[in-house]
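Listing of work26.cif; format and content: mmCIF, C-alpha atoms and all ligand atoms.
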data_structure
loop_
_atom_site.label_atom_id
_atom_site.label_comp_id
_atom_site.auth_asym_id
_atom_site.auth_seq_id
_atom_site.Cartn_x
_atom_site.Cartn_y
_atom_site.Cartn_z
CA MET A 1 7.61 -4.69 -14.70
CA ASP A 2 5.04 -1.94 -14.57
CA ASP A 3 1.69 -3.63 -14.75
CA PHE A 4 -0.12 -1.14 -12.55
CA ILE A 5 -3.40 0.22 -13.68
CA THR A 6 -2.91 3.94 -13.87
CA LEU A 7 -6.45 4.90 -13.05
CA THR A 8 -7.92 4.02 -9.73
CA ILE A 9 -11.38 3.38 -11.11
CA GLY A 10 -12.50 -0.18 -11.69
CA LYS A 11 -12.63 -3.39 -9.78
CA LYS A 12 -8.95 -4.27 -9.85
CA LYS A 13 -7.09 -2.39 -7.14
CA ASN A 14 -3.45 -1.60 -6.54
CA ILE A 15 -2.63 -2.79 -3.04
CA ALA A 16 0.68 -2.03 -1.31
CA LEU A 17 1.86 -4.55 1.29
CA ILE A 18 4.51 -3.62 3.84
CA ALA A 19 5.64 -5.08 7.15
CA HIS A 20 8.47 -4.41 9.55
CA ASP A 21 10.57 -7.43 10.46
CA GLY A 22 8.71 -8.16 13.70
CA LYS A 23 5.41 -8.19 11.81
CA LYS A 24 6.33 -10.00 8.59
CA ALA A 25 5.09 -13.41 9.73
CA GLU A 26 1.76 -11.83 10.68
CA LEU A 27 1.39 -10.14 7.29
CA ILE A 28 2.32 -13.32 5.40
CA GLN A 29 -0.31 -15.23 7.36
CA TRP A 30 -2.83 -12.47 6.65
CA CYS A 31 -2.02 -12.68 2.92
CA GLN A 32 -2.44 -16.45 3.04
CA ASN A 33 -5.82 -16.04 4.78
CA HIS A 34 -7.02 -13.61 2.10
CA LYS A 35 -5.22 -15.11 -0.87
CA SER A 36 -8.41 -15.69 -2.87
CA ILE A 37 -9.19 -11.96 -2.71
CA LEU A 38 -5.64 -10.66 -3.07
CA GLU A 39 -4.95 -12.70 -6.22
CA LYS A 40 -7.64 -10.67 -8.02
CA HIS A 41 -5.67 -7.43 -7.55
CA PHE A 42 -2.29 -5.90 -8.36
CA LEU A 43 0.09 -6.21 -5.44
CA CYS A 44 3.25 -4.33 -4.64
CA GLY A 45 5.39 -3.95 -1.55
CA THR A 46 8.70 -3.00 -0.05
CA GLY A 47 11.53 -5.31 -1.12
CA THR A 48 11.86 -7.92 1.59
CA THR A 49 8.16 -8.00 2.40
CA ALA A 50 7.27 -8.48 -1.28
CA ARG A 51 9.78 -11.28 -1.76
CA MET A 52 8.73 -13.13 1.39
CA ILE A 53 5.02 -12.92 0.53
CA THR A 54 5.68 -14.31 -2.93
CA ASP A 55 7.92 -17.09 -1.56
CA LYS A 56 5.47 -18.17 1.12
CA THR A 57 2.11 -17.68 -0.60
CA GLY A 58 2.82 -17.73 -4.33
CA LEU A 59 1.10 -14.36 -4.78
CA PRO A 60 2.87 -12.12 -7.31
CA VAL A 61 4.04 -8.97 -5.53
CA ARG A 62 5.98 -6.31 -7.37
CA GLY A 63 8.88 -5.41 -5.10
CA TYR A 64 10.34 -1.96 -4.61
CA ASN A 65 13.49 -1.27 -2.62
CA SER A 66 13.75 -2.51 0.90
CA GLY A 67 12.16 -0.08 3.39
CA PRO A 68 15.41 1.22 4.92
CA LEU A 69 16.74 1.78 1.37
CA GLY A 70 13.85 3.94 0.20
CA GLY A 71 11.03 1.47 -0.44
CA ASP A 72 8.56 3.41 1.70
CA GLN A 73 9.35 6.53 -0.28
CA GLN A 74 8.85 4.73 -3.60
CA ILE A 75 5.40 3.57 -2.49
CA GLY A 76 4.67 7.10 -1.24
CA ALA A 77 5.55 8.40 -4.72
CA LYS A 78 3.12 5.88 -6.28
CA ILE A 79 0.41 7.25 -3.99
CA VAL A 80 1.16 10.77 -5.22
CA GLU A 81 0.85 9.51 -8.81
CA GLY A 82 -2.55 8.01 -8.00
CA LYS A 83 -1.36 4.44 -8.48
CA VAL A 84 -2.06 2.96 -5.05
CA ASP A 85 -5.59 2.31 -3.81
CA PHE A 86 -4.99 0.57 -0.49
CA VAL A 87 -2.02 0.20 1.82
CA VAL A 88 -1.58 -2.61 4.31
CA PHE A 89 1.31 -1.61 6.52
CA PHE A 90 1.98 -3.79 9.55
CA SER A 91 4.39 -1.43 11.27
CA ASP A 92 6.08 -2.51 14.48
CA PRO A 93 5.16 -0.18 17.35
CA LEU A 94 7.68 -1.80 19.70
CA THR A 95 10.87 -1.53 17.64
CA ALA A 96 12.75 1.61 16.61
CA GLN A 97 13.32 1.88 12.85
CA PRO A 98 16.39 3.64 11.39
CA HIS A 99 14.19 4.97 8.57
CA ASP A 100 11.41 6.23 10.82
CA PRO A 101 11.20 9.55 8.91
CA ASP A 102 10.39 7.57 5.73
CA VAL A 103 7.73 5.56 7.56
CA LYS A 104 6.13 8.75 8.85
CA ALA A 105 6.33 10.31 5.38
CA LEU A 106 4.50 7.34 3.85
CA MET A 107 1.79 7.49 6.50
CA ARG A 108 1.47 11.22 6.04
CA ILE A 109 1.15 11.06 2.27
CA ALA A 110 -1.49 8.31 2.56
CA GLN A 111 -3.44 10.69 4.81
CA VAL A 112 -2.97 13.61 2.43
CA TYR A 113 -4.30 11.61 -0.52
CA ASP A 114 -7.06 9.92 1.47
CA ILE A 115 -5.70 6.43 0.80
CA PRO A 116 -7.04 3.74 3.12
CA MET A 117 -4.17 2.35 5.21
CA ALA A 118 -4.51 -0.64 7.52
CA VAL A 119 -1.84 -0.78 10.21
CA ASN A 120 -2.81 -4.04 11.89
CA LYS A 121 -4.65 -7.28 11.24
CA ALA A 122 -8.03 -6.06 12.51
CA SER A 123 -8.08 -2.97 10.27
CA ALA A 124 -6.72 -4.97 7.33
CA ASP A 125 -9.56 -7.49 7.79
CA PHE A 126 -12.08 -4.64 7.65
CA MET A 127 -10.47 -3.18 4.56
CA ILE A 128 -10.15 -6.38 2.57
CA THR A 129 -13.80 -7.27 3.20
CA SER A 130 -15.05 -3.77 2.36
CA ILE A 131 -17.60 -3.32 -0.41
CA TYR A 132 -15.05 -1.05 -2.07
CA MET A 133 -12.95 -4.10 -2.90
CA GLU A 134 -15.63 -5.30 -5.27
CA LYS A 135 -17.21 -2.06 -6.44
CA GLU A 136 -16.07 0.66 -8.74
CA TYR A 137 -14.40 3.18 -6.54
CA ASP A 138 -14.23 6.77 -7.69
CA HIS A 139 -11.14 7.58 -5.76
CA ASP A 140 -10.67 10.88 -4.05
CA VAL A 141 -7.20 11.22 -5.51
CA ILE A 142 -8.83 12.45 -8.71
CA ASN A 143 -10.59 15.27 -6.90
CA PHE A 144 -7.44 15.91 -4.97
CA HIS A 145 -5.42 16.52 -8.13
CA LYS A 146 -8.21 18.74 -9.46
CA ASN A 147 -8.21 20.80 -6.28
CA ILE A 148 -4.43 21.16 -6.30
CA LYS A 149 -4.56 22.35 -9.92
CA GLU A 150 -7.32 24.85 -9.18
CA ARG A 151 -5.50 26.10 -6.11
CA SER A 152 -2.21 26.58 -7.95
CA GLU A 153 -4.03 28.48 -10.70
CA THR A 154 -5.27 31.02 -8.16
CA LEU A 155 -1.83 31.62 -6.65
O1 LIG B 1 11.03 -1.29 6.52
C1 LIG B 1 10.00 -1.52 5.94
C2 LIG B 1 8.90 -0.55 5.95
O2 LIG B 1 9.21 0.63 6.63
C3 LIG B 1 9.83 -2.78 5.22
O3 LIG B 1 10.90 -3.02 4.37
P1 LIG B 1 11.19 -4.47 3.86
O4 LIG B 1 9.93 -5.03 3.30
O5 LIG B 1 12.23 -4.34 2.79
O6 LIG B 1 11.70 -5.24 5.05
#

Would you mind writing the file out in structure tokens?
Amino acid sequence: MDDFITLTIGKKKNIALIAHDGKKAELIQWCQNHKSILEKHFLCGTGTTARMITDKTGLPVRGYNSGPLGGDQQIGAKIVEGKVDFVVFFSDPLTAQPHDPDVKALMRIAQVYDIPMAVNKASADFMITSIYMEKEYDHDVINFHKNIKERSETL
């Protein structure tokens, strides 16, 4: 199943949903609260998070591998390809994760590509109610790729 829009321009967004175990219930509740908005977009997530959201809310969420088995890295790769517009990542600040380097890598790559990432309910509420959810959004990732190309040409 690869129903992602490849270009990040247009109203329909690609939203990645991720939660650590201690935060899954919170993310599922958040998805339920914003179901009427989320169902208008393409959703993906790390394996267990994606499955649980679909089971509990009925929202279709394309699942990648579970986080500890590389799911964060798969979503990071989608960011690099320009196929993720928003990330909602309820990480658990109170529990050590065996795949912490992958978590950091995902957060880093979202920063590099200027992808909005909400890490808790308050920031996710801001993001989901942003005007950019409804408007055409000329994403910076396009300029980013252009800059990288220009830079590599001068090397
Ligand atoms: O560990 C995660 C993110 O780092 C989440 O993975 P799961 O959704 O598979 O539990």

Using all atoms listed in the file, tabulate the residues of chain A lying at most 6 Å from any atom of ligand LIG 1 (chain B), each with its closest atom pair and that distance in Å to one decimal, by chain and increasing residue number, as a Markdown table.
| residue | atom | partner | partner_atom | distance |
| --- | --- | --- | --- | --- |
| A:Ile18 | CA | B:LIG1 | C3 | 5.6 |
| A:Ala19 | CA | B:LIG1 | C3 | 5.2 |
| A:His20 | CA | B:LIG1 | C3 | 4.8 |
| A:Asp21 | CA | B:LIG1 | O6 | 5.9 |
| A:Thr46 | CA | B:LIG1 | O4 | 4.1 |
| A:Gly47 | CA | B:LIG1 | O5 | 4.1 |
| A:Thr48 | CA | B:LIG1 | O5 | 3.8 |
| A:Thr49 | CA | B:LIG1 | O4 | 3.6 |
| A:Ser66 | CA | B:LIG1 | O5 | 3.0 |
| A:Gly67 | CA | B:LIG1 | O3 | 3.3 |
| A:Pro68 | CA | B:LIG1 | O1 | 5.3 |
| A:Asp72 | CA | B:LIG1 | O2 | 5.7 |
| A:Val103 | CA | B:LIG1 | O2 | 5.2 |

With all atoms listed in the file as the atoms that count, which of A:Asn14, A:Ser130, A:Gln74, A:Thr57 lies nearest to Ser36 of chain A? A:Thr57

Just to confirm, what's the straight-line distance from atom CA of Asp125 of chain A to atom CA of Ala16 of chain A in Å (one decimal)?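 Going from atom CA of Asp125 of chain A over to atom CA of Ala16 of chain A covers 14.7 Å.
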
Separation of atom CA of His34 of chain A and atom CA of Val87 of chain A, in Å?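 Pair atom CA of His34 of chain A / atom CA of Val87 of chain A returns 14.7 Å.
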
Atom CA of Thr95 of chain A sits from atom CA of Lys24 of chain A at a separation of 13.2 Å

Could you tell me, as a PyMOL selection string, which residues have any atom at most 6 Å from (1.2, 2.4, 3.3), counting all atoms listed in the file? chain A and resi 87-89+106+117

Taking all atoms listed in the file into account, which of A:Lys83, A:Lys135, A:Lys121, A:Lys40 comes nearest Leu27 of chain A?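 Looking only at the distances to Leu27 of chain A, the closest residue turns out to be A:Lys121.
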